[in-house]
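Read through the structure below, which is laid out as C-alpha cells, and then see the notes.
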Amino acid sequence: MRRTVAAVLGKEFALEWRTRESIPAMVLFAVTTYVVFHFGLNRNTIDGDLAAGVLWVTLLFAAILGINRLFVAEHEQGGFDGFLLAPVDRTALFVAKALALFGYLCVVELVAVPAFALLLLGPSLGQALPGLAIVLLAANAGIAVVGTLVAALAIQTRARDLMVPLLALPLLVPVVLGASQASAPLFDQGGAAALPGDWLTLLALYDLLFALIAYAVFDFLLED
Amino acid sequence: MPDSDPAVLLRGAGRRYGERAALRDVSLELAAGQTLVVFGPNGAGKTTLLRMLATLLRPHAGEVRVLGRSLPDDGYAVRGRIGFLGHEPLLYRELSGRENLRFHARLHGVGSERVEAVLAAVGMDRRAGDPVAELSRGMVQRLAVARAVLHEPELLLLDEPLANLDPAAQAQVAPLIGAGSGRTRVLTSHDPAGGLVGADLALGLKGGRAELLAPAAAVTPAQIAALYA
C-alpha cells in the first residue's frame with residue numbers, strides 16, 4: 001500500500017506542479033477574500049471570535065476549490081481506469097488523494113495566514129503561531145479526509161461543481177466550529193491564551209471518525 | 001490457472017446500463033494463447049464486453065471467468081495479468097510518456113528498466129520526455145500500447161488497437177500486441193479482412209447479442225458485413 005500511495009502522491013504533485021490548477025486558485029481566493037473582508041467589515045483590525053471565524057470560513061471556501069479539482073484528471077484522462085486496472089489496494093488512492101489535499105492546504109495556509117495577519121488581524125500573529133499551527137494541522141486533516149470522500153462521490157455526477165459545496169459544507173461545519181473555537185483564544189487582544197483542549201479533542205475525534213468512514217466506503221465509490 | 005481452464009469463459013453473460021441491455025446472453029470459450037476478434041457496429045456491445053473482461057464493469061447476468069477466476073469476485077486476482085488498451089490511452093496529458101509509464105510501472109510493481117524497454121519497443125524512446133499533450137495521436141497510441149504491455153500481461157484486451165497508427169507503427173507494435181506476441185488476445189475490429197488475420201475465433205455482436213460465433217477461418221467477409229447492414 002505504501003508503494004502505491006507514494007506513486008499516486010508523486011504523480012499528484014507532478015501534475016499540480018505542471019498545471020498549477022489548484023494551489024494558485026486557492027491562494028488567490030483566500031487572499032482576495034481577506035481583502036474583501038478588510039473593506040467589507042470597514043475595520044482595520046479584528047480579533048477574538050470574529051478573527052477566528054473570518055480565518056476559517058475563508059480557508060474552508062478556498063479548500064472547496066481544491067476539493068472540486070481533486071479527481072478531475074482521473075475522471076477526464078482515464079486515471080480511474082488506469083488505477084483500477086492495477087493489482088493494488090484501492091484505499092491507497094484515497095490515502096494519496098487525502099495526503100495531496102492536506103499538502104495543498106498547508107501550502108495555501110503558508111501564504112493565506114500571513115496575508116490574514118497583515119490585512120485583518122489586530123493582535124500579533126507571532127505569539128499565536130505555535131498554537132495556530134496545531135489547529136491548522138488538525139483542521140486540515142479533517143478537511144482532507146471529508147473533502148476527498150466528497151470529491152470521489154461528486155466526480156461521478158454531472159453537477160460536480162454544485163455537489164461538492166452542497167455535500168462538503170454541511171459535513172465540514174464541525175471542523176469550522178472546532179477550529180474557530182480553538183483559534184479564538186489565540187487571537188485575543190490581550191495576547192494569545194492557551195489552546196482549548198476540548199475543541200482540539202473534538203477536531204481529533206472528527207478526523208478519526210471520518211477517516212474510518214472513508215476507509216470503509218471508499219472502495220464502493222470506485223465500484224462500477 | 002490449470003491448463004484445461006479456458007482463458008476466457010462466458011456463459012449467458014449480460015450487462016445493462018440502466019434499463020438498456022448493452023450485452024445479452026453471450027457465451028463463448030477462448031483457450032489460452034488464442035485470439036478472439038469481435039466485430040459489430042457502433043453500440044453493439046464490443047467495448048462493454050472488453051471492459052467487463054477487464055474488471056472495469058461488473059457483469060449483471062451469467063458467468064464470466066477470466067484466466068480461471070470468476071468475475072467480479074476474483075477481480076483483484078486477475079487485474080495484474082490483464083493488459084487493457086481502450087479508446088482512451090489512460091495517460092495523463094501533462095506528464096511525459098516516461099513519467100506516465102513509470103507511474104503505471106510502480107502501480108504494477110515493475111522496474112524502470114522495463115519502462116525503457118517498452119519505450120524502445122514502440123519507438124518512443126526519443127520522445128519519451130515530451131508531455132503527452134504535445135504528441136500526435138499515433139504517438140499517444142504507441143505509448144498506450146507500451147502501457148498496456150508494461151507488466152507483461154497474459155491476456156490482452158484491445159479495443160481497435162491499430163487506430164491512429166500508420167503502417168510502420170503497426171509493424172512496430174505487432175510483436176507486442178499482435179498474433180505473434182504469444183498472449184491470449186481479445187480484440188475489436190471494424191476491418192473484416194484485417195481483423196480476421198491471426199484470429200482463432202470470431203464473434204459478431206449486434207444490439208448486444210452474439211449474432212455470429214465461429215472459428216475465424218470459417219468466417220467470410222460477407223458474414224461480417226451483414227452485421228453492419
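By order of appearance in the C-alpha cells: chains A, B, ..., then residues from 1 within every chain, and ligands from 1 in the order shown.
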Proximal residues of chain A relative to chain B (only C-alpha atoms; 12 Å) as a VMD selection string: chain A and resid 1 to 21 72 to 90 92 to 93 222 to 224
Go ahead and write the residues just picked, C-alpha atoms, as a PDB file, in the first residue's frame.
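So selection18.pdb came out as:
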ATOM      1  CA  MET A   1       0.000   0.000   0.000  1.00  0.00           C
ATOM      2  CA  ARG A   2       2.836   2.393   0.856  1.00  0.00           C
ATOM      3  CA  ARG A   3       4.348   1.935  -2.612  1.00  0.00           C
ATOM      4  CA  THR A   4       1.009   2.702  -4.271  1.00  0.00           C
ATOM      5  CA  VAL A   5       0.350   5.746  -2.092  1.00  0.00           C
ATOM      6  CA  ALA A   6       3.834   7.072  -2.915  1.00  0.00           C
ATOM      7  CA  ALA A   7       3.270   6.502  -6.643  1.00  0.00           C
ATOM      8  CA  VAL A   8      -0.098   8.288  -6.702  1.00  0.00           C
ATOM      9  CA  LEU A   9       1.136  11.088  -4.470  1.00  0.00           C
ATOM     10  CA  GLY A  10       4.202  11.650  -6.652  1.00  0.00           C
ATOM     11  CA  LYS A  11       2.017  11.768  -9.754  1.00  0.00           C
ATOM     12  CA  GLU A  12      -0.394  14.143  -7.992  1.00  0.00           C
ATOM     13  CA  PHE A  13       2.322  16.651  -7.063  1.00  0.00           C
ATOM     14  CA  ALA A  14       3.909  16.386 -10.532  1.00  0.00           C
ATOM     15  CA  LEU A  15       0.547  17.174 -12.158  1.00  0.00           C
ATOM     16  CA  GLU A  16      -0.082  20.123  -9.828  1.00  0.00           C
ATOM     17  CA  TRP A  17       3.424  21.436 -10.492  1.00  0.00           C
ATOM     18  CA  ARG A  18       2.816  21.270 -14.264  1.00  0.00           C
ATOM     19  CA  THR A  19      -0.747  22.585 -14.363  1.00  0.00           C
ATOM     20  CA  ARG A  20      -0.820  24.832 -11.273  1.00  0.00           C
ATOM     21  CA  GLU A  21      -4.595  24.444 -11.278  1.00  0.00           C
ATOM     22  CA  VAL A  72     -10.683  15.875 -12.372  1.00  0.00           C
ATOM     23  CA  ALA A  73      -7.571  14.391 -14.009  1.00  0.00           C
ATOM     24  CA  GLU A  74      -8.670  10.875 -13.011  1.00  0.00           C
ATOM     25  CA  HIS A  75     -12.119  11.468 -14.450  1.00  0.00           C
ATOM     26  CA  GLU A  76     -11.154  13.261 -17.666  1.00  0.00           C
ATOM     27  CA  GLN A  77      -7.907  11.487 -18.556  1.00  0.00           C
ATOM     28  CA  GLY A  78      -8.728   7.905 -17.635  1.00  0.00           C
ATOM     29  CA  GLY A  79      -6.781   7.909 -14.399  1.00  0.00           C
ATOM     30  CA  PHE A  80      -9.532   5.963 -12.636  1.00  0.00           C
ATOM     31  CA  ASP A  81      -9.370   3.144 -15.191  1.00  0.00           C
ATOM     32  CA  GLY A  82      -5.571   3.110 -15.129  1.00  0.00           C
ATOM     33  CA  PHE A  83      -5.636   2.771 -11.357  1.00  0.00           C
ATOM     34  CA  LEU A  84      -8.478   0.243 -11.255  1.00  0.00           C
ATOM     35  CA  LEU A  85      -6.629  -1.999 -13.724  1.00  0.00           C
ATOM     36  CA  ALA A  86      -3.661  -2.315 -11.375  1.00  0.00           C
ATOM     37  CA  PRO A  87      -3.461  -5.031  -8.702  1.00  0.00           C
ATOM     38  CA  VAL A  88      -3.383  -2.555  -5.836  1.00  0.00           C
ATOM     39  CA  ASP A  89      -5.370  -1.749  -2.721  1.00  0.00           C
ATOM     40  CA  ARG A  90      -7.923   0.828  -3.826  1.00  0.00           C
ATOM     41  CA  ALA A  92      -4.328   3.710  -1.479  1.00  0.00           C
ATOM     42  CA  LEU A  93      -5.963   6.121  -3.915  1.00  0.00           C
ATOM     43  CA  LEU A 222     -14.857   3.367  -7.121  1.00  0.00           C
ATOM     44  CA  GLU A 223     -17.005   0.352  -7.949  1.00  0.00           C
ATOM     45  CA  ASP A 224     -18.877   0.407 -11.231  1.00  0.00           C
TER      46      ASP A 224
END
From A:Leu172, A:Asp198, A:Leu70, A:Gly40, residue lying nearest Arg160 in chain A [only C-alpha atoms]: A:Leu70
DSSP-assigned helix (DSSP H, G or I) members of chain A, reported as an MDAnalysis selection string: chainID A and resid 2:19 23:40 48:69 72:76 79:84 91:119 125:154 160:187 197:222
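Proximity to range 209-211 of chain A at 9 Å, evaluated using only C-alpha atoms and with sequence-adjacent residues fewer than 5 positions away removed, yields Gly142, Val145, Val146, Ala204 and Ala216 of chain A.
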With C-alpha atoms retained, write the just-selected residues as an mmCIF file, in the first residue's frame.
data_model
loop_
_atom_site.group_PDB
_atom_site.id
_atom_site.type_symbol
_atom_site.label_atom_id
_atom_site.label_comp_id
_atom_site.auth_asym_id
_atom_site.auth_seq_id
_atom_site.Cartn_x
_atom_site.Cartn_y
_atom_site.Cartn_z
ATOM 1 C CA GLY A 142 -10.499 16.744 8.697
ATOM 2 C CA VAL A 145 -10.471 13.314 4.664
ATOM 3 C CA VAL A 146 -14.011 14.610 4.138
ATOM 4 C CA ALA A 204 -9.189 14.933 16.512
ATOM 5 C CA ALA A 216 -14.963 1.630 4.946
#
Nearest residue to Gly194 in chain B out of B:Ala226, B:Leu135, B:Ala179, B:Leu49, using only C-alpha atoms?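 Smallest distance to Gly194 in chain B is found for B:Ala179.
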Leu205 in chain A: which residues within 12 Å, counting only C-alpha atoms, same-chain residues fewer than 2 positions away excluded, as number ranges by chain? A: 138-139, 141-142, 174-175, 178, 198-203, 207-212
Give me the residues within 8 Å of Val108 in chain A as a ChimeraX atom specification, counting only C-alpha atoms and dropping any in the same chain fewer than 5 places off. /A:23,26-27
Keeping only N, CA and C atoms, take the residues you just selected and write them out as an mmCIF file, in the first residue's frame.
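Writing the result to selection_4.cif gives the following:
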data_model
loop_
_atom_site.group_PDB
_atom_site.id
_atom_site.type_symbol
_atom_site.label_atom_id
_atom_site.label_comp_id
_atom_site.auth_asym_id
_atom_site.auth_seq_id
_atom_site.Cartn_x
_atom_site.Cartn_y
_atom_site.Cartn_z
ATOM 1 N N ILE A 23 -3.542 24.953 -6.303
ATOM 2 C CA ILE A 23 -2.973 25.788 -5.248
ATOM 3 C C ILE A 23 -3.042 27.289 -5.578
ATOM 4 N N MET A 26 -6.549 28.514 -5.028
ATOM 5 C CA MET A 26 -6.923 28.526 -3.615
ATOM 6 C C MET A 26 -6.276 29.719 -2.901
ATOM 7 N N VAL A 27 -5.004 29.967 -3.192
ATOM 8 C CA VAL A 27 -4.286 31.092 -2.560
ATOM 9 C C VAL A 27 -4.921 32.413 -2.962
#
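Candidate residues B:Gly111, B:Gly33, B:Gly45, B:Gly12 were compared for distance to Arg183 in chain B, and the nearest is B:Gly33, using only C-alpha atoms.
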What's around Gly123 in chain B at 12 Å? Count only C-alpha atoms, leave out sequence neighbours fewer than 3 positions away in its own chain, and write the answer as a list in words. Gly97, Glu116, Ala117, Val118, Leu119, Ala120, Arg126, Arg127, Ala128, Gly138, Met139, Val140, Gln141, Arg142, Leu143, Val145, Ala146, Ala168, Ala169, Gln170, Ala171, Gln172 and Val173 of chain B
Can you measure CA of Ala154 in chain A to CA of Lys46 in chain B for me? One decimal in Å is fine. 28.4 Å
